[in-house]
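Student: So here's upload.tsv, just TSV, C-alpha atoms and all ligand atoms:
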```tsv
chain	number	residue	atom	x	y	z
G	546	MET	CA	0.00	0.00	0.00
G	547	ASP	CA	1.06	3.57	-0.62
G	548	ASP	CA	2.03	5.90	2.23
G	549	GLU	CA	-1.24	7.80	1.58
G	550	THR	CA	-3.22	4.74	2.63
G	551	ARG	CA	-0.81	3.46	5.24
G	552	LEU	CA	-0.92	6.82	7.05
G	553	ILE	CA	-4.70	6.63	7.27
G	554	ARG	CA	-4.55	3.23	8.93
G	555	ALA	CA	-1.31	3.35	10.95
G	556	GLY	CA	-1.83	3.50	14.71
G	557	SER	CA	-5.61	3.19	14.45
G	558	THR	CA	-5.62	0.04	16.55
G	559	PRO	CA	-3.86	0.97	19.77
G	560	PRO	CA	-2.01	-1.71	21.71
G	561	LYS	CA	-4.00	-3.27	24.56
G	562	LEU	CA	-5.07	-0.42	26.88
G	563	VAL	CA	-3.42	-0.41	30.30
G	564	LYS	CA	-5.70	0.39	33.22
G	565	THR	CA	-5.46	3.93	34.60
G	566	VAL	CA	-7.35	5.39	37.57
G	567	GLY	CA	-9.64	7.43	35.31
G	568	PRO	CA	-11.42	6.20	32.15
G	569	PRO	CA	-9.78	6.57	28.73
G	570	ILE	CA	-10.76	9.72	26.83
G	571	GLN	CA	-12.01	8.42	23.49
G	572	LYS	CA	-11.90	11.17	20.90
G	573	GLY	CA	-14.44	10.23	18.29
G	574	SER	CA	-17.58	11.12	16.45
G	575	THR	CA	-17.29	7.96	14.31
G	576	VAL	CA	-17.67	4.62	16.04
G	577	LEU	CA	-16.40	1.54	14.19
G	578	LEU	CA	-18.76	-1.42	14.48
G	579	PRO	CA	-17.53	-5.02	14.61
G	580	SER	CA	-19.90	-6.42	11.94
G	581	ALA	CA	-22.54	-5.52	9.36
G	582	ALA	CA	-25.28	-6.77	11.70
G	583	ALA	CA	-24.04	-4.45	14.46
G	584	LEU	CA	-24.48	-1.36	12.22
G	585	TYR	CA	-28.22	-1.25	12.89
G	586	ASP	CA	-28.23	-2.87	16.33
G	587	ASP	CA	-28.23	0.16	18.61
G	588	ASP	CA	-29.69	-1.87	21.47
G	589	ASN	CA	-26.40	-3.69	21.92
G	590	HIS	CA	-23.89	-1.30	20.36
G	591	VAL	CA	-22.96	2.35	20.61
G	592	THR	CA	-23.24	3.28	16.93
G	593	TYR	CA	-22.26	6.97	17.00
G	594	GLY	CA	-19.99	9.03	19.26
G	595	ARG	CA	-22.54	11.53	20.53
G	596	GLN	CA	-23.45	9.18	23.36
G	597	GLY	CA	-21.90	6.29	25.23
G	598	LEU	CA	-18.12	6.70	24.89
G	599	ALA	CA	-16.03	5.70	27.91
G	600	ALA	CA	-15.65	8.96	29.86
G	601	GLN	CA	-19.28	9.95	29.38
G	602	ALA	CA	-20.55	6.50	30.39
G	603	ALA	CA	-18.28	6.52	33.46
G	604	LEU	CA	-19.59	9.94	34.50
G	605	GLN	CA	-23.20	8.82	34.07
G	606	GLU	CA	-22.57	5.77	36.22
G	607	ALA	CA	-20.91	7.86	38.95
G	608	LEU	CA	-23.70	10.46	38.93
G	609	ALA	CA	-26.34	7.73	39.10
G	610	THR	CA	-24.59	6.42	42.22
G	611	LEU	CA	-24.50	9.91	43.74
G	612	GLU	CA	-28.14	10.71	42.97
G	613	GLY	CA	-29.58	7.25	43.71
G	614	ALA	CA	-30.83	7.21	40.10
G	615	VAL	CA	-31.56	4.53	37.53
G	616	GLY	CA	-30.24	6.78	34.77
G	617	VAL	CA	-28.71	10.21	34.23
G	618	ALA	CA	-28.91	12.30	31.06
G	619	LEU	CA	-26.03	14.71	30.35
G	620	TYR	CA	-26.38	18.14	28.75
G	621	PRO	CA	-23.86	20.71	27.52
G	622	SER	CA	-24.74	23.15	30.35
G	623	GLY	CA	-26.88	23.41	33.45
G	624	LEU	CA	-29.35	25.61	31.61
G	625	ALA	CA	-29.56	23.01	28.82
G	626	ALA	CA	-30.36	20.41	31.49
G	627	MET	CA	-33.23	22.55	32.78
G	628	ALA	CA	-34.54	23.14	29.25
G	629	GLY	CA	-34.03	19.50	28.27
G	630	ALA	CA	-35.86	18.08	31.28
G	631	LEU	CA	-38.81	20.46	30.78
G	632	LEU	CA	-39.04	19.67	27.06
G	633	ALA	CA	-38.86	15.95	27.78
G	634	VAL	CA	-41.99	15.89	29.93
G	635	LEU	CA	-44.15	18.84	28.81
G	636	LYS	CA	-46.39	19.17	25.78
G	637	THR	CA	-48.71	21.79	24.28
G	638	GLY	CA	-51.64	22.52	26.60
G	639	ASP	CA	-49.73	21.61	29.77
G	640	GLU	CA	-49.09	24.01	32.62
G	641	VAL	CA	-45.93	24.05	34.74
G	642	LEU	CA	-45.69	25.55	38.24
G	643	VAL	CA	-42.31	27.20	38.74
G	644	SER	CA	-40.72	28.67	41.87
G	645	ASP	CA	-40.54	32.46	41.63
G	646	ALA	CA	-36.93	32.13	42.83
G	647	ILE	CA	-35.93	29.90	39.89
G	648	TYR	CA	-32.58	30.59	38.23
G	649	LYS	CA	-33.35	33.57	35.98
G	650	PRO	CA	-32.36	32.06	32.58
G	651	THR	CA	-34.67	29.09	33.35
G	652	ARG	CA	-37.44	31.62	33.81
G	653	ARG	CA	-36.53	33.16	30.44
G	654	PHE	CA	-36.78	29.70	28.84
G	655	CYS	CA	-40.25	29.20	30.34
G	656	ASP	CA	-41.49	32.68	29.41
G	657	LEU	CA	-40.15	32.71	25.87
G	658	VAL	CA	-39.70	29.15	24.61
G	659	LEU	CA	-42.27	27.07	26.49
G	660	LYS	CA	-44.83	29.79	25.88
G	661	ARG	CA	-44.17	29.63	22.13
G	662	PHE	CA	-44.97	25.91	22.22
G	663	GLY	CA	-48.22	26.43	24.10
G	664	VAL	CA	-47.05	25.51	27.62
G	665	LYS	CA	-48.25	27.86	30.35
G	666	THR	CA	-45.93	28.79	33.22
G	667	THR	CA	-47.36	29.91	36.56
G	668	TYR	CA	-44.97	31.16	39.24
G	669	TYR	CA	-45.52	30.43	42.94
G	670	PRO	CA	-43.99	32.16	45.97
G	671	PRO	CA	-40.71	30.30	46.66
G	672	ASP	CA	-41.57	29.48	50.29
G	673	LEU	CA	-45.20	28.53	49.68
G	674	ASP	CA	-46.34	25.60	51.84
G	675	ALA	CA	-46.71	22.27	50.05
G	676	GLU	CA	-50.46	21.89	50.64
G	677	THR	CA	-51.36	25.30	49.19
G	678	LEU	CA	-49.02	24.75	46.25
G	679	VAL	CA	-50.29	21.33	45.17
G	680	LYS	CA	-53.95	21.76	46.09
G	681	GLY	CA	-54.03	25.05	44.17
G	682	ALA	CA	-52.69	23.44	40.97
G	683	SER	CA	-55.09	23.40	38.03
G	684	ASP	CA	-55.88	20.15	36.23
G	685	ALA	CA	-53.56	21.22	33.38
G	686	VAL	CA	-50.49	21.17	35.67
G	687	ARG	CA	-48.16	18.40	34.54
G	688	LEU	CA	-45.01	19.42	36.41
G	689	ILE	CA	-43.95	21.35	39.50
G	690	LEU	CA	-40.45	22.79	39.22
G	691	LEU	CA	-38.72	23.32	42.57
G	692	GLU	CA	-35.56	25.12	43.52
G	693	SER	CA	-34.80	24.93	47.22
G	694	PRO	CA	-32.90	26.88	48.42
G	695	GLY	CA	-34.04	29.34	45.76
G	696	SER	CA	-31.64	31.33	43.58
G	697	LEU	CA	-30.43	34.57	45.20
G	698	THR	CA	-32.99	34.61	48.04
G	699	PHE	CA	-32.55	31.06	49.45
G	700	GLU	CA	-36.15	30.22	50.37
G	701	MET	CA	-36.81	26.59	51.31
G	702	VAL	CA	-39.80	24.40	50.45
G	703	ASP	CA	-40.67	20.98	51.80
G	704	GLN	CA	-39.74	19.03	48.67
G	705	SER	CA	-40.72	15.64	50.19
G	706	ARG	CA	-44.21	16.86	50.95
G	707	VAL	CA	-44.66	18.57	47.58
G	708	ALA	CA	-43.52	15.36	45.84
G	709	GLU	CA	-45.88	13.21	47.92
G	710	LEU	CA	-48.92	15.41	47.31
G	711	ALA	CA	-48.07	15.92	43.64
G	712	ARG	CA	-47.79	12.17	43.08
G	713	GLU	CA	-51.29	11.68	44.50
G	714	ARG	CA	-52.55	14.07	41.80
G	715	GLY	CA	-50.45	12.51	39.01
G	716	ILE	CA	-48.23	15.62	38.77
G	717	LEU	CA	-44.48	15.22	38.18
G	718	THR	CA	-41.88	17.08	40.25
G	719	ALA	CA	-38.41	18.26	39.24
G	720	SER	CA	-35.82	20.07	41.33
G	721	ASP	CA	-32.92	22.32	40.35
G	722	ASN	CA	-30.58	20.88	42.96
G	723	THR	CA	-27.39	22.70	41.98
G	724	TRP	CA	-27.04	24.05	45.56
G	725	GLY	CA	-27.35	20.54	47.04
G	726	ALA	CA	-25.02	19.14	44.33
G	727	GLY	CA	-26.48	15.62	44.71
G	728	TYR	CA	-24.42	15.23	47.87
G	729	LEU	CA	-25.81	17.68	50.43
G	730	TYR	CA	-29.35	16.93	49.31
G	731	LYS	CA	-30.74	14.08	47.21
G	732	PRO	CA	-34.10	14.97	45.64
G	733	LEU	CA	-34.79	11.44	44.37
G	734	HIS	CA	-34.50	10.08	47.94
G	735	HIS	CA	-37.24	12.53	48.90
G	736	GLY	CA	-39.65	11.38	46.21
G	737	VAL	CA	-38.89	14.08	43.61
G	738	ASP	CA	-39.10	12.61	40.09
G	739	ILE	CA	-36.24	14.47	38.35
G	740	SER	CA	-33.10	15.84	39.99
G	741	ILE	CA	-31.36	18.46	37.85
G	742	GLN	CA	-27.91	19.95	38.43
G	743	ALA	CA	-25.64	22.49	36.83
G	744	LEU	CA	-22.52	20.31	37.13
G	745	THR	CA	-20.72	23.50	36.07
G	746	LYS	CA	-20.84	24.57	39.73
G	747	TYR	CA	-19.71	22.23	42.51
G	748	VAL	CA	-19.16	19.02	40.56
G	749	GLY	CA	-16.75	20.73	38.17
G	750	GLY	CA	-15.50	22.82	41.05
G	751	HIS	CA	-12.91	24.82	39.10
G	752	SER	CA	-14.99	27.33	37.09
G	753	ASP	CA	-13.75	26.03	33.76
G	754	VAL	CA	-16.26	23.50	32.36
G	755	PHE	CA	-19.97	23.65	31.50
G	756	MET	CA	-22.29	20.66	31.90
G	757	GLY	CA	-25.67	19.71	33.34
G	758	SER	CA	-27.45	16.53	34.35
G	759	ALA	CA	-30.97	15.27	34.90
G	760	ALA	CA	-31.37	12.11	36.98
G	761	ALA	CA	-34.45	9.94	37.51
G	762	ARG	CA	-35.44	6.68	39.14
G	763	ASP	CA	-38.41	5.69	37.01
G	764	PRO	CA	-37.08	3.83	33.94
G	765	ALA	CA	-39.84	5.33	31.73
G	766	LEU	CA	-38.80	8.82	32.80
G	767	VAL	CA	-35.12	8.01	32.25
G	768	ARG	CA	-36.02	6.91	28.73
G	769	LYS	CA	-37.89	10.18	28.11
G	770	LEU	CA	-34.89	12.22	29.28
G	771	ASP	CA	-32.49	10.16	27.14
G	772	GLU	CA	-34.72	10.45	24.10
G	773	GLY	CA	-34.97	14.20	24.65
G	774	VAL	CA	-31.18	14.49	24.48
G	775	LEU	CA	-31.08	12.24	21.42
G	776	HIS	CA	-33.75	14.15	19.54
G	777	LEU	CA	-32.20	17.55	20.23
G	778	GLY	CA	-28.75	16.30	19.21
G	779	TRP	CA	-26.99	17.47	22.35
G	780	ALA	CA	-23.60	15.98	23.15
G	781	VAL	CA	-20.94	16.62	25.79
G	782	SER	CA	-17.25	16.35	25.00
G	783	GLN	CA	-15.26	13.46	26.38
G	784	ASP	CA	-12.67	15.85	27.85
G	785	ASP	CA	-15.43	17.68	29.71
G	786	ALA	CA	-16.97	14.43	30.94
G	787	TYR	CA	-13.56	13.38	32.23
G	788	GLN	CA	-13.14	16.72	34.01
G	789	MET	CA	-16.53	16.33	35.69
G	790	LEU	CA	-15.72	12.81	36.83
G	791	ARG	CA	-12.47	14.10	38.27
G	792	GLY	CA	-14.41	16.83	40.10
G	793	LEU	CA	-16.77	14.27	41.62
G	794	ARG	CA	-13.89	12.53	43.38
G	795	THR	CA	-13.26	15.54	45.62
G	796	LEU	CA	-16.83	16.90	45.81
G	797	PRO	CA	-17.54	15.91	49.45
G	798	THR	CA	-14.17	17.22	50.68
G	799	ARG	CA	-14.55	20.55	48.92
G	800	LEU	CA	-18.18	20.97	49.96
G	801	GLU	CA	-17.29	20.38	53.60
G	802	ARG	CA	-14.79	23.25	53.46
G	803	HIS	CA	-17.07	25.56	51.42
G	804	GLY	CA	-19.88	24.88	53.90
G	805	ALA	CA	-17.83	25.43	57.05
G	806	SER	CA	-16.30	28.68	55.77
G	807	ALA	CA	-19.67	30.01	54.56
G	808	LEU	CA	-21.19	29.34	57.96
G	809	LYS	CA	-18.30	31.09	59.69
G	810	LEU	CA	-18.75	34.16	57.46
G	811	ALA	CA	-22.53	34.11	57.92
G	812	HIS	CA	-22.14	34.10	61.75
G	813	TRP	CA	-19.64	36.94	61.51
G	814	LEU	CA	-21.85	39.02	59.20
G	815	LYS	CA	-24.88	38.47	61.45
G	816	ALA	CA	-23.08	40.30	64.26
G	817	ARG	CA	-22.12	43.29	62.10
G	818	PRO	CA	-24.04	46.56	62.54
G	819	GLU	CA	-24.06	47.20	58.76
G	820	VAL	CA	-25.99	43.97	58.08
G	821	ALA	CA	-29.79	43.74	58.21
G	822	GLU	CA	-30.47	40.03	57.52
G	823	ILE	CA	-28.77	36.77	56.56
G	824	TYR	CA	-30.32	34.43	53.98
G	825	HIS	CA	-28.55	31.13	54.49
G	826	PRO	CA	-30.67	28.11	55.46
G	827	ALA	CA	-27.68	26.42	57.15
G	828	LEU	CA	-27.55	29.24	59.72
G	829	PRO	CA	-29.62	28.45	62.82
G	830	GLY	CA	-32.48	30.92	63.07
G	831	ALA	CA	-32.32	31.93	59.39
G	832	PRO	CA	-35.40	31.41	57.17
G	833	GLY	CA	-35.79	27.76	56.12
G	834	HIS	CA	-33.34	26.40	58.69
G	835	GLU	CA	-35.75	23.79	60.08
G	836	LEU	CA	-36.29	22.16	56.69
G	837	PHE	CA	-32.57	22.39	56.01
G	838	ALA	CA	-31.72	20.68	59.32
G	839	ARG	CA	-34.25	17.91	58.59
G	840	ASP	CA	-33.21	17.12	55.01
G	841	PHE	CA	-29.70	18.34	54.20
G	842	ARG	CA	-26.37	16.77	55.04
G	843	GLY	CA	-24.72	20.20	55.16
G	844	GLY	CA	-24.53	23.57	53.44
G	845	CYS	CA	-22.42	24.77	50.52
G	846	GLY	CA	-20.59	28.08	50.03
G	847	LEU	CA	-23.46	30.11	48.55
G	848	PHE	CA	-25.65	32.47	50.60
G	849	ALA	CA	-26.91	36.04	50.66
G	850	PHE	CA	-27.17	38.86	53.15
G	851	ALA	CA	-28.94	42.22	53.16
G	852	LEU	CA	-27.00	45.34	53.97
G	853	LYS	CA	-28.91	47.98	55.92
G	854	PRO	CA	-30.66	50.31	53.43
G	855	ALA	CA	-28.22	52.65	51.68
G	856	PRO	CA	-27.83	54.25	48.24
G	857	GLU	CA	-26.62	52.08	45.36
G	858	ALA	CA	-23.28	53.91	45.46
G	859	ALA	CA	-22.61	52.46	48.94
G	860	VAL	CA	-23.42	48.93	47.73
G	861	ASN	CA	-21.05	49.38	44.80
G	862	ALA	CA	-18.40	50.78	47.16
G	863	PHE	CA	-18.72	47.60	49.25
G	864	LEU	CA	-18.22	45.37	46.20
G	865	ASP	CA	-15.44	47.48	44.68
G	866	ALA	CA	-13.45	47.44	47.96
G	867	LEU	CA	-13.28	43.62	47.97
G	868	THR	CA	-9.96	42.21	46.83
G	869	LEU	CA	-10.35	38.46	47.46
G	870	PHE	CA	-14.00	38.14	46.43
G	871	GLY	CA	-14.11	38.48	42.65
G	872	LEU	CA	-17.14	40.13	41.07
G	873	GLY	CA	-18.76	37.43	38.96
G	874	PHE	CA	-22.08	35.66	38.38
G	875	SER	CA	-21.06	32.07	38.86
G	876	TRP	CA	-20.33	29.93	41.91
G	877	GLY	CA	-19.18	26.45	42.93
G	878	GLY	CA	-15.52	26.98	42.05
G	879	PHE	CA	-12.55	27.18	44.42
G	880	GLU	CA	-12.64	30.98	44.36
G	881	SER	CA	-14.80	33.43	46.30
G	882	LEU	CA	-17.24	35.63	44.39
G	883	ALA	CA	-19.75	38.39	45.17
G	884	ILE	CA	-22.62	40.05	43.30
G	885	SER	CA	-25.38	42.51	44.10
G	886	CYS	CA	-28.78	40.86	43.56
G	887	ASP	CA	-31.31	43.69	43.41
G	888	PRO	CA	-31.10	44.38	39.64
G	889	GLN	CA	-32.15	40.72	39.08
G	890	LEU	CA	-35.07	40.69	41.50
G	891	HIS	CA	-37.36	43.07	39.61
G	892	THR	CA	-38.39	40.31	37.14
G	893	ARG	CA	-40.01	38.34	39.97
G	894	THR	CA	-43.77	38.03	40.24
G	895	PHE	CA	-43.82	38.23	44.06
G	896	LYS	CA	-41.83	41.28	45.22
G	897	ARG	CA	-40.48	41.27	48.79
G	898	ASP	CA	-38.54	43.55	51.06
G	899	TYR	CA	-35.35	41.73	52.07
G	900	GLY	CA	-34.37	44.37	54.64
G	901	GLY	CA	-31.96	46.24	52.37
G	902	PRO	CA	-29.78	45.73	49.30
G	903	LEU	CA	-29.08	42.03	48.81
G	904	ILE	CA	-25.55	40.72	48.26
G	905	ARG	CA	-24.82	37.12	47.27
G	906	LEU	CA	-21.51	35.58	48.30
G	907	HIS	CA	-19.87	32.44	47.06
G	908	VAL	CA	-17.38	31.41	49.73
G	909	GLY	CA	-14.44	29.66	48.12
G	910	LEU	CA	-11.56	27.61	49.50
G	911	GLU	CA	-9.41	30.54	50.66
G	912	ASN	CA	-8.68	30.90	54.38
G	913	ALA	CA	-11.91	32.05	56.07
G	914	ASP	CA	-10.17	34.68	58.22
G	915	ASP	CA	-8.64	36.25	55.11
G	916	LEU	CA	-12.14	36.41	53.61
G	917	ILE	CA	-13.46	38.06	56.78
G	918	ALA	CA	-10.67	40.66	56.51
G	919	ASP	CA	-11.81	41.28	52.92
G	920	LEU	CA	-15.45	41.75	53.99
G	921	THR	CA	-14.25	44.12	56.74
G	922	ARG	CA	-12.65	46.26	54.01
G	923	GLY	CA	-15.88	46.16	52.03
G	924	LEU	CA	-18.07	47.12	54.97
G	925	ALA	CA	-15.78	50.06	55.84
G	926	ALA	CA	-16.18	51.38	52.28
G	927	TYR	CA	-19.95	50.84	52.48
G	928	ALA	CA	-20.18	52.67	55.82
G	929	ALA	CA	-18.15	55.60	54.45
G	930	ASP	CA	-20.49	55.94	51.46
G	931	ALA	CA	-23.71	55.21	53.40
G	932	ALA	CA	-22.96	57.99	55.93
F	1	LIG	C1	-29.29	27.41	40.27
F	1	LIG	C2	-28.70	27.32	38.90
F	1	LIG	N1	-29.19	26.46	38.02
F	1	LIG	C3	-28.70	26.36	36.77
F	1	LIG	C4	-27.63	27.13	36.36
F	1	LIG	C5	-27.16	27.04	34.94
F	1	LIG	O1	-25.94	26.39	34.81
F	1	LIG	P1	-25.00	26.65	33.55
F	1	LIG	O2	-24.26	27.90	33.82
F	1	LIG	O3	-24.12	25.44	33.50
F	1	LIG	O4	-25.86	26.75	32.34
F	1	LIG	C6	-27.07	28.04	37.25
F	1	LIG	C7	-25.92	28.89	36.84
F	1	LIG	O5	-25.58	29.86	37.49
F	1	LIG	C8	-27.61	28.14	38.55
F	1	LIG	O6	-27.12	29.04	39.44
```
Let me see whether you can do it: turn the structure in this file into structure tokens.
Tutor:
Amino acid sequence: MDDETRLIRAGSTPPKLVKTVGPPIQKGSTVLLPSAAALYDDDNHVTYGRQGLAAQAALQEALATLEGAVGVALYPSGLAAMAGALLAVLKTGDEVLVSDAIYKPTRRFCDLVLKRFGVKTTYYPPDLDAETLVKGASDAVRLILLESPGSLTFEMVDQSRVAELARERGILTASDNTWGAGYLYKPLHHGVDISIQALTKYVGGHSDVFMGSAAARDPALVRKLDEGVLHLGWAVSQDDAYQMLRGLRTLPTRLERHGASALKLAHWLKARPEVAEIYHPALPGAPGHELFARDFRGGCGLFAFALKPAPEAAVNAFLDALTLFGLGFSWGGFESLAISCDPQLHTRTFKRDYGGPLIRLHVGLENADDLIADLTRGLAAYAADAA
């Protein structure tokens, strides 16, 4: 054979793979099948590289273990997981009940995309009691979407009770459990039908990879989620799947540290004269703490607090004086972050007074006393501008 041909074939059959701690990263869109019969036998063979290569399959198995799931669908981002799970179970004419504290881009998806396909979204107050929520649902409600603690404002709902009551009425439940990360809280163990996560946050843990997951116990629901991914043509890269699997190995250790530091900062902030209120369900006495203590293994690094009322310039002075907390919208990585929340809250249906301007912190893996020193700098700048 000519070099032209030999170069196409050379090295295409690697020597027997040695076993490494992590799975091999198979780079491939094309999958080579062992026989003509296997070409059309997708029950027994992976026939195309969008799904089922080694790193992706290993991640799905590990996430299923974490979530207590029969199957886990993977998506290219957390938002795609939210959209994918909703599309998999909703159809024209259905209504979905959504927490008013849902992650804002999920709300945008409901308001713009679901609406276009004839699905009605109704928002409920994020700390509404389970009985009122489920009993008030119309007969068109097919799904209740939970997020507890809620984005930015950290309200808690009794997910077990909502799931129990919803099941009696034949309504599905799904939870955006990015805060609980499948480790601090396990929605499927509490009867919720679909547990969704932005793996981008704590599972990845390093602020450098996007991915999302939706996990379920009911095989029929798992099939619907899988088919949804298949029909929309979503795929995650093998490198990214490998990175997520690597993140999972240290998830409990990192979460323990994030949680302990966040609690230390929350206690410290509570005692400060510039602070009006703490919104962190892991803090004894804070809103939602009883449900948290009943159902959660621990807290993560994300919580909010309200400064005492002051002009926007003082809030910006607080944020601009921080040197260790970066100003950024994400969370779940090793680094500390802060944002002001108020500009995002005006899209909510149920407006509330939080006691003053709301700041969200993500407490990273830095030394907690160094972070307290940083907040001290911020509060001094706030006090100077508030005066
Ligand atoms: C609660 C919550 N859910 C979902 C997402 C979306 O995740 P991704 O950024 O991977 O799309 C985020 C991102 O900030 C989030 O905070």
Student: So which residues are near ligand LIG 1 (chain F), meaning at most 7 Å away with all atoms listed in the file counted, given back as an MDAnalysis selection string?
Tutor: chainID G and resid 622:625 648 696 721 723:724 742:745 755:757 874:876
Student: Would you save the residues from that selection as a short mmCIF file (atom, residue, chain, number, x, y, z; two decimals), in the frame of the given file, using C-alpha atoms?
Tutor:
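So out.cif came out as:
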```cif
data_model
loop_
_atom_site.label_atom_id
_atom_site.label_comp_id
_atom_site.auth_asym_id
_atom_site.auth_seq_id
_atom_site.Cartn_x
_atom_site.Cartn_y
_atom_site.Cartn_z
CA SER G 622 -24.74 23.15 30.35
CA GLY G 623 -26.88 23.41 33.45
CA LEU G 624 -29.35 25.61 31.61
CA ALA G 625 -29.56 23.01 28.82
CA TYR G 648 -32.58 30.59 38.23
CA SER G 696 -31.64 31.33 43.58
CA ASP G 721 -32.92 22.32 40.35
CA THR G 723 -27.39 22.70 41.98
CA TRP G 724 -27.04 24.05 45.56
CA GLN G 742 -27.91 19.95 38.43
CA ALA G 743 -25.64 22.49 36.83
CA LEU G 744 -22.52 20.31 37.13
CA THR G 745 -20.72 23.50 36.07
CA PHE G 755 -19.97 23.65 31.50
CA MET G 756 -22.29 20.66 31.90
CA GLY G 757 -25.67 19.71 33.34
CA PHE G 874 -22.08 35.66 38.38
CA SER G 875 -21.06 32.07 38.86
CA TRP G 876 -20.33 29.93 41.91
#
```
Student: Quick one: everything within 7 Å of Ala913 (chain G), counting only C-alpha atoms, minus sequence neighbours fewer than 3 positions away in the same chain. Send it as a list in words.
Tutor: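 Within the cut-off, the hits are Ser806, Leu916 and Ile917 of chain G.
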Student: Within 9 Å of Val576 (chain G), counting only C-alpha atoms, which residues qualify if same-chain residues fewer than 3 places away don't, as a list in words?
Tutor: Gly573, Val591, Thr592, Tyr593 and Gly594 of chain G
Student: Can you pull out the residues contacting Val679 (chain G)? Cut-off 10 Å, using only C-alpha atoms, and skip same-chain residues under 5 positions away; I want them as a list in words.
Tutor: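 Skipping anything fewer than 5 positions along the chain leaves Leu642, Leu673, Asp674, Val686, Ile689, Arg706, Val707, Ala708, Glu709, Leu710, Ala711, Arg712, Glu713, Arg714 and Ile716 of chain G.
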Student: I'd like to know which of G:Ala925, G:Val643, G:Leu790, G:Val702 is closest to Glu676 (chain G), using only C-alpha atoms.
Tutor: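 Among the listed residues, G:Val702 lies closest to Glu676 (chain G).
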Student: Which residue out of G:Ala675, G:Ala759, G:Ala581, G:Leu847 has the minimum interatomic distance to Gly629 (chain G) when only C-alpha atoms are used?
Tutor: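 Among the listed residues, G:Ala759 lies closest to Gly629 (chain G).
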Student: Please provide as a count of residues only all residues within 7 Å of region 849-859 of chain G, with the sequence filter that same-chain residues fewer than 6 positions apart are discarded (counting all atoms listed in the file).
Tutor: 20
Student: Interatomic distance between CA of His735 (chain G) and CA of Asp703 (chain G)?
Tutor: 9.6 Å
Student: Quick one: of G:Ala685, G:Leu910, G:Ala866, G:Leu733, who's nearest to Gly616 (chain G), counting only C-alpha atoms?
Tutor: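 When distances to Gly616 (chain G) are compared using only C-alpha atoms, the smallest one comes from G:Leu733.
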Student: For the atom pair CA of Leu690 (chain G) and CA of Val641 (chain G), what is the interatomic distance in Å to one decimal place?
Tutor: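 Straight-line distance from CA of Leu690 (chain G) to CA of Val641 (chain G) works out to 7.2 Å.
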Student: Mind giving me the straight-line distance from CA of Tyr730 (chain G) to CA of Ser885 (chain G) in Å, one decimal?
Tutor: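 Between CA of Tyr730 (chain G) and CA of Ser885 (chain G) the gap is 26.4 Å.
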Student: When you count only C-alpha atoms, which of these residues is closest to Met701 (chain G): G:Asp684, G:Asp753, G:Glu835, G:Glu911?
Tutor: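 Once distances to Met701 (chain G) are computed over only C-alpha atoms, the minimum belongs to G:Glu835.
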Student: Which polymer residues have any atom within 12 Å of an atom of Gly597 (chain G), counting only C-alpha atoms, with same-chain residues fewer than 5 positions away left out, as a ChimeraX atom specification?
Tutor: /G:570-576,587-592,602-606,617-619,771,775,780-783,786
